[in-house]
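Structure file structure.csv with CSV, C-alpha atoms:
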chain,number,residue,atom,x,y,z
A,1,MET,CA,-10.0,21.7,2.3
A,2,GLY,CA,-8.2,25.0,2.0
A,3,MET,CA,-4.7,25.7,0.6
A,4,ARG,CA,-3.3,23.0,-1.6
A,5,LEU,CA,-0.2,21.4,0.1
A,6,PRO,CA,2.8,19.8,-1.6
A,7,SER,CA,3.5,16.0,-1.6
A,8,LYS,CA,6.8,14.2,-1.6
A,9,ARG,CA,5.9,12.7,-5.0
A,10,GLU,CA,5.5,14.4,-8.4
A,11,GLU,CA,2.5,12.1,-8.9
A,12,PRO,CA,0.6,10.6,-6.0
A,13,ILE,CA,0.0,6.8,-6.3
A,14,GLY,CA,-3.5,5.6,-6.9
A,15,PHE,CA,-3.6,2.1,-5.2
A,16,ALA,CA,-6.4,-0.2,-6.3
A,17,HIS,CA,-7.5,-1.7,-3.1
A,18,ARG,CA,-7.6,-5.5,-3.5
A,19,GLY,CA,-7.7,-4.8,-7.2
A,20,ALA,CA,-10.8,-3.1,-8.6
A,21,ARG,CA,-13.0,-4.6,-5.9
A,22,ALA,CA,-15.9,-2.3,-6.5
A,23,HIS,CA,-16.4,-3.9,-9.9
A,24,ALA,CA,-14.9,-7.4,-9.6
A,25,PRO,CA,-14.3,-10.1,-6.9
A,26,GLU,CA,-11.5,-8.8,-4.7
A,27,ASN,CA,-8.0,-10.2,-4.9
A,28,THR,CA,-8.7,-12.1,-8.1
A,29,PRO,CA,-7.0,-12.0,-11.5
A,30,GLU,CA,-10.1,-10.3,-12.8
A,31,ALA,CA,-10.0,-7.6,-10.2
A,32,PHE,CA,-6.2,-7.0,-10.7
A,33,ASP,CA,-6.5,-6.9,-14.5
A,34,LEU,CA,-9.5,-4.5,-14.4
A,35,ALA,CA,-7.6,-2.2,-12.1
A,36,VAL,CA,-4.8,-2.0,-14.7
A,37,LYS,CA,-7.3,-1.3,-17.5
A,38,LEU,CA,-8.9,1.5,-15.4
A,39,GLY,CA,-5.5,3.2,-15.0
A,40,ALA,CA,-4.4,2.4,-11.5
A,41,THR,CA,-0.8,3.4,-10.8
A,42,GLY,CA,-0.6,1.1,-7.8
A,43,MET,CA,-2.0,-2.3,-6.7
A,44,GLU,CA,-2.9,-3.3,-3.2
A,45,SER,CA,-3.4,-6.8,-1.7
A,46,ASP,CA,-2.9,-8.9,1.4
A,47,VAL,CA,-0.3,-11.7,1.7
A,48,TRP,CA,-0.5,-15.0,3.6
A,49,ILE,CA,1.8,-18.0,3.3
A,50,THR,CA,0.7,-21.5,2.5
A,51,ALA,CA,2.0,-24.7,4.1
A,52,ASP,CA,4.4,-25.2,1.2
A,53,GLY,CA,5.8,-21.7,1.4
A,54,GLU,CA,3.8,-19.9,-1.4
A,55,LEU,CA,3.0,-16.2,-0.9
A,56,VAL,CA,-0.7,-16.0,-1.8
A,57,LEU,CA,-3.0,-13.0,-2.0
A,58,ILE,CA,-6.2,-13.3,0.0
A,59,HIS,CA,-7.7,-11.0,2.7
A,60,ASP,CA,-8.6,-13.0,5.8
A,61,GLY,CA,-6.3,-16.0,5.8
A,62,THR,CA,-9.0,-18.6,5.5
A,63,ILE,CA,-10.9,-20.2,2.7
A,64,GLY,CA,-13.9,-22.4,1.9
A,65,LEU,CA,-17.1,-23.1,3.8
A,66,ARG,CA,-15.1,-24.6,6.7
A,67,ARG,CA,-12.8,-21.6,6.8
A,68,LYS,CA,-9.6,-23.6,6.5
A,69,ALA,CA,-6.5,-21.7,7.4
A,70,ILE,CA,-4.3,-20.8,4.4
A,71,SER,CA,-1.2,-21.8,6.5
A,72,SER,CA,-2.6,-25.4,6.7
A,73,LEU,CA,-3.1,-25.8,2.9
A,74,GLN,CA,-0.8,-26.5,-0.1
A,75,ARG,CA,-0.9,-24.0,-2.9
A,76,SER,CA,-2.4,-26.7,-5.1
A,77,GLN,CA,-5.4,-27.0,-2.8
A,78,LEU,CA,-6.4,-23.4,-3.4
A,79,PRO,CA,-8.8,-22.3,-6.2
A,80,ASP,CA,-7.6,-20.7,-9.4
A,81,THR,CA,-9.0,-17.4,-8.3
A,82,VAL,CA,-6.2,-17.2,-5.6
A,83,ILE,CA,-2.9,-16.1,-7.1
A,84,THR,CA,0.6,-15.6,-5.7
A,85,LEU,CA,2.5,-12.4,-5.3
A,86,PRO,CA,5.0,-13.4,-8.0
A,87,GLU,CA,2.1,-14.1,-10.3
A,88,LEU,CA,0.7,-10.7,-9.6
A,89,PHE,CA,4.0,-9.1,-10.6
A,90,ASP,CA,3.8,-11.0,-13.9
A,91,ARG,CA,0.4,-9.6,-14.6
A,92,ILE,CA,1.0,-5.9,-14.0
A,93,PRO,CA,3.1,-3.2,-15.7
A,94,ALA,CA,6.7,-3.2,-14.7
A,95,ASP,CA,6.5,0.4,-13.4
A,96,MET,CA,3.4,-0.1,-11.2
A,97,ASP,CA,3.8,0.4,-7.4
A,98,VAL,CA,2.5,-2.5,-5.3
A,99,SER,CA,1.3,-2.2,-1.7
A,100,ILE,CA,1.2,-5.5,0.3
A,101,ASP,CA,-0.4,-5.8,3.7
A,102,VAL,CA,1.6,-8.5,5.5
A,103,LYS,CA,-1.0,-10.4,7.4
A,104,THR,CA,1.2,-12.8,9.1
A,105,ASP,CA,4.8,-12.3,10.4
A,106,ALA,CA,5.6,-15.8,9.1
A,107,ALA,CA,5.3,-14.4,5.5
A,108,MET,CA,7.8,-11.5,5.9
A,109,GLU,CA,11.1,-13.3,5.6
A,110,PRO,CA,10.0,-15.4,2.6
A,111,LEU,CA,8.6,-12.3,1.1
A,112,LEU,CA,11.9,-10.4,1.5
A,113,GLU,CA,13.8,-13.4,0.2
A,114,TRP,CA,11.6,-13.3,-3.0
A,115,ALA,CA,11.9,-9.5,-3.2
A,116,GLY,CA,15.7,-10.0,-3.3
A,117,THR,CA,15.3,-11.6,-6.7
A,118,LEU,CA,13.8,-8.4,-8.1
A,119,ASP,CA,15.8,-5.6,-9.6
A,120,VAL,CA,16.5,-2.6,-7.3
A,121,LEU,CA,13.9,-0.4,-9.0
A,122,SER,CA,11.1,-3.0,-8.6
A,123,ARG,CA,12.0,-3.4,-5.0
A,124,GLY,CA,11.7,0.3,-4.5
A,125,ARG,CA,8.2,0.1,-5.8
A,126,LEU,CA,7.2,-2.6,-3.4
A,127,TRP,CA,5.5,-1.2,-0.2
A,128,LEU,CA,5.2,-3.7,2.6
A,129,CYS,CA,2.6,-2.7,5.2
A,130,HIS,CA,2.4,-3.9,8.8
A,131,HIS,CA,0.6,-2.7,11.9
A,132,ASP,CA,3.7,-3.0,14.2
A,133,TRP,CA,6.4,-0.4,13.3
A,134,GLN,CA,8.9,-2.1,15.7
A,135,ARG,CA,8.6,-5.3,13.8
A,136,LEU,CA,9.2,-3.4,10.6
A,137,ALA,CA,12.3,-1.9,12.2
A,138,GLU,CA,13.6,-5.4,12.8
A,139,TRP,CA,12.9,-6.4,9.2
A,140,ARG,CA,14.6,-3.3,7.7
A,141,SER,CA,18.0,-4.9,8.1
A,142,LEU,CA,17.0,-7.7,5.8
A,143,ASP,CA,16.5,-5.5,2.8
A,144,PRO,CA,17.5,-1.9,2.3
A,145,HIS,CA,15.5,-1.3,-0.9
A,146,VAL,CA,11.9,-2.4,-0.3
A,147,ARG,CA,9.6,0.3,1.1
A,148,LEU,CA,8.2,-0.3,4.6
A,149,VAL,CA,4.9,1.2,5.7
A,150,ASP,CA,3.5,1.7,9.2
A,151,SER,CA,-0.2,0.9,8.8
A,152,THR,CA,-1.5,2.4,12.0
A,153,SER,CA,-4.0,4.8,13.6
A,154,LEU,CA,-3.6,8.0,15.6
A,155,LYS,CA,-4.9,6.1,18.7
A,156,SER,CA,-2.0,3.7,18.4
A,157,MET,CA,0.5,6.5,18.5
A,158,ASP,CA,0.9,6.4,22.3
A,159,SER,CA,3.5,9.2,22.3
A,160,GLY,CA,1.9,11.3,19.7
A,161,PRO,CA,2.3,11.7,15.9
A,162,GLU,CA,5.5,13.8,16.1
A,163,ARG,CA,7.3,11.1,18.2
A,164,ARG,CA,6.1,8.4,15.8
A,165,ALA,CA,7.3,10.3,12.8
A,166,HIS,CA,10.7,10.6,14.5
A,167,GLN,CA,10.7,6.9,15.3
A,168,LEU,CA,9.9,5.9,11.7
A,169,ALA,CA,12.6,8.1,10.4
A,170,GLU,CA,15.2,6.7,12.8
A,171,ALA,CA,14.1,3.1,11.9
A,172,GLY,CA,14.2,3.6,8.1
A,173,ILE,CA,10.4,3.1,7.7
A,174,ASP,CA,9.4,4.9,4.7
A,175,ALA,CA,5.7,5.7,5.1
A,176,VAL,CA,2.8,6.0,7.4
A,177,ASN,CA,-0.7,4.8,6.3
A,178,LEU,CA,-3.8,6.1,8.1
A,179,ARG,CA,-7.5,5.9,7.4
A,180,GLN,CA,-8.7,8.8,5.4
A,181,SER,CA,-10.7,10.3,8.2
A,182,GLU,CA,-7.5,10.7,10.4
A,183,TRP,CA,-5.6,12.9,7.9
A,184,SER,CA,-5.4,16.6,7.9
A,185,GLY,CA,-3.1,19.0,6.1
A,186,GLY,CA,-1.2,19.6,9.3
A,187,MET,CA,-0.7,15.9,9.9
A,188,ALA,CA,0.6,15.4,6.4
A,189,THR,CA,3.0,18.3,6.8
A,190,LEU,CA,4.3,16.9,10.1
A,191,PHE,CA,5.2,13.5,8.6
A,192,HIS,CA,6.6,15.2,5.5
A,193,ARG,CA,8.8,17.3,7.8
A,194,PHE,CA,10.4,14.0,8.8
A,195,ASP,CA,10.7,13.0,5.2
A,196,ARG,CA,8.1,10.2,5.5
A,197,PHE,CA,5.5,9.4,2.8
A,198,CYS,CA,1.9,9.8,3.7
A,199,PHE,CA,-0.8,7.3,2.5
A,200,GLY,CA,-4.5,7.3,3.1
A,201,TRP,CA,-6.8,4.3,2.9
A,202,ASP,CA,-10.6,3.9,2.5
A,203,ALA,CA,-10.9,6.8,0.1
A,204,GLN,CA,-14.1,5.8,-1.6
A,205,HIS,CA,-15.7,9.1,-2.6
A,206,GLU,CA,-14.7,11.9,-4.9
A,207,ARG,CA,-14.8,14.6,-2.2
A,208,ILE,CA,-12.6,12.5,0.1
A,209,LEU,CA,-10.1,11.7,-2.7
A,210,ARG,CA,-9.9,15.3,-3.7
A,211,ASP,CA,-9.3,16.5,-0.1
A,212,LEU,CA,-6.6,13.9,0.6
A,213,LEU,CA,-4.7,14.9,-2.5
A,214,ARG,CA,-5.0,18.6,-1.6
A,215,MET,CA,-3.6,17.7,1.8
A,216,GLY,CA,-0.4,16.5,0.0
A,217,LEU,CA,-0.8,12.8,0.5
A,218,ASP,CA,1.6,10.7,-1.6
A,219,GLY,CA,-0.8,7.8,-2.1
A,220,VAL,CA,-4.5,6.9,-1.7
A,221,TYR,CA,-6.3,3.5,-1.6
A,222,SER,CA,-9.7,3.0,-3.1
A,223,ASP,CA,-12.1,0.3,-4.2
A,224,HIS,CA,-13.4,2.6,-6.9
A,225,VAL,CA,-10.4,2.8,-9.3
A,226,ASP,CA,-12.3,4.9,-11.9
A,227,LEU,CA,-13.2,7.6,-9.4
A,228,MET,CA,-9.7,7.5,-7.8
A,229,MET,CA,-7.8,7.9,-11.1
A,230,SER,CA,-10.2,10.6,-12.2
A,231,ALA,CA,-9.4,12.5,-9.0
A,232,VAL,CA,-5.7,12.0,-9.4
A,233,THR,CA,-5.8,13.2,-13.0
A,234,ALA,CA,-7.8,16.3,-12.0
A,235,HIS,CA,-5.4,17.0,-9.2
A,236,LEU,CA,-2.3,16.8,-11.5
A,237,GLY,CA,-4.1,19.1,-14.0
A,238,GLU,CA,-4.0,21.8,-11.4
A,239,GLY,CA,-0.2,21.8,-11.5
A,240,PRO,CA,2.2,21.4,-8.5
A,241,ALA,CA,1.6,23.3,-5.3
A,242,ARG,CA,5.3,23.9,-5.4
A,243,ASN,CA,8.3,21.9,-6.3
A,244,PRO,CA,8.0,18.4,-4.7
A,245,THR,CA,10.7,17.3,-2.3
A,246,VAL,CA,11.4,14.1,-4.2
A,247,HIS,CA,10.4,12.6,-7.5

Would you write out, as structure tokens, the structure that this file holds?
Amino acid sequence: MGMRLPSKREEPIGFAHRGARAHAPENTPEAFDLAVKLGATGMESDVWITADGELVLIHDGTIGLRRKAISSLQRSQLPDTVITLPELFDRIPADMDVSIDVKTDAAMEPLLEWAGTLDVLSRGRLWLCHHDWQRLAEWRSLDPHVRLVDSTSLKSMDSGPERRAHQLAEAGIDAVNLRQSEWSGGMATLFHRFDRFCFGWDAQHERILRDLLRMGLDGVYSDHVDLMMSAVTAHLGEGPARNPTVH
């Protein structure tokens, strides 16, 4: 990576992917607590909704040897290692950003209803990710404060990244999230030009983390929280590329 590029944030967010999953079972209290101890500034998980309307954090929407669907089960039928989104908020620091991959559309409106019980600053640190930006655009009207993230790929941008950046800006969708291998300094500069945040996931190695941060990304996702936060700390130690556009 060549010249260091500015980000939209004074400090990029280090999202612990499903908690510190490189060192503890993913999406468990143990993984979330360890991520906090390792210094993560953001937490990431996946949300599904149970039959009795609880927003639970689990990756694939099924559980047990018979792979029963979360949507068919009551909260009380799930093991103690599965916690709810409100329970996660009770475990983490009040100033921690939280990225939630909304795995089922049925969860979004209950999620936004719950988010409405939070203070405005907390809602501004809640990043809701979905693969369909047009659905996100529909949901924007339900809450003006939560952050919405287009989790996508370059291949899915049928009209190209510049057109997508314009669409996200017009729809009030705050950020775009791409796999680390799809980012370049030019791509980050493009989305920043439309005032969108840039996130990169699957950043598992020191070199990749370093390169993404130098590209100006505003947040990175990693299973290896210790490596990630070491890279973020080293990046911040270099000083700003230039004044960030927003705090």

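Across the structure, atom CA of Asp218 of chain A and atom CA of Ser122 of chain A are spaced 18.1 Å apart.
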
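Rounded to one decimal, atom CA of His224 of chain A and atom CA of Pro86 of chain A lie 24.4 Å from each other.
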
Find the residues around Asp90 of chain A up to 12 Å (all atoms listed in the file counted), leave out those fewer than 5 positions away in its own chain, and share them as a PyMOL selection string.
-> chain A and resi 29+32-33+83-85+95-96+118

Dump as a ChimeraX atom specification all residues having an atom at most 8 Å from (-8.3, -4.9, -6.4), computed in the file's coordinates with only C-alpha atoms.
-> /A:16-21,24-28,31-32,35,43-45,223

Just the residues within 12 Å of Leu112 of chain A, please, counting only C-alpha atoms, with nothing from its chain fewer than 5 positions along; format it as a PyMOL selection string.
-> chain A and resi 55+85+100+102+105-107+117-118+123+126-128+136+139-148

Name all residues at most 7 Å from His130 of chain A (count all atoms listed in the file; drop same-chain ones fewer than 2 positions away) and give them as a PyMOL selection string.
-> chain A and resi 101-102+128+132-133+149-151

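What separates atom CA of Leu34 of chain A from atom CA of His59 of chain A is a distance of 18.4 Å.
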
Would you list the contacts of Thr233 of chain A as number ranges by chain, taking every protein, DNA or RNA residue within 12 Å and counting all atoms listed in the file, but skipping same-chain residues closer than 4 positions in sequence?
-> A: 11-14, 39-41, 209-210, 213, 225-229, 237-239

Mind listing whatever residues come within 10 Å of the point (-8.2, 17.3, -1.5)? Use all atoms listed in the file, file coordinates, and give them as a VMD selection string.
-> chain A and resid 1 to 5 184 to 185 206 to 217 231 to 232 235

Between A:Gly42, A:Gly53, A:Ser222, A:Gly186, which one has atoms that come closest to Leu111 of chain A, using only C-alpha atoms?
-> A:Gly53

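Shortest atom-to-atom contact with Ala171 of chain A among A:Gln134, A:Ser99, A:Thr50, A:Ser156: A:Gln134, counting all atoms listed in the file.
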
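Summary of the local environment: counting all atoms listed in the file, residues at most 12 Å from Gly160 of chain A, other than itself and those fewer than 6 positions away along its chain, are Ser153, Leu154, His166, Gln167, Met187, Leu190 and Phe191 of chain A.
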
Just-selected residues, C-alpha atoms written as a short mmCIF file (atom, residue, chain, number, x, y, z; two decimals), keeping the file's coordinate frame:
data_model
loop_
_atom_site.label_atom_id
_atom_site.label_comp_id
_atom_site.auth_asym_id
_atom_site.auth_seq_id
_atom_site.Cartn_x
_atom_site.Cartn_y
_atom_site.Cartn_z
CA SER A 153 -4.00 4.80 13.60
CA LEU A 154 -3.60 8.00 15.60
CA HIS A 166 10.70 10.60 14.50
CA GLN A 167 10.70 6.90 15.30
CA MET A 187 -0.70 15.90 9.90
CA LEU A 190 4.30 16.90 10.10
CA PHE A 191 5.20 13.50 8.60
#

Counting only C-alpha atoms, which of A:Asp195, A:Asp97, A:Glu54, A:Glu30 gets nearest to Val220 of chain A?
-> A:Asp97

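Considering all atoms listed in the file, the residue among A:Leu121, A:Gln74, A:Val36, A:Asp60 positioned nearest to Leu88 of chain A is A:Val36.
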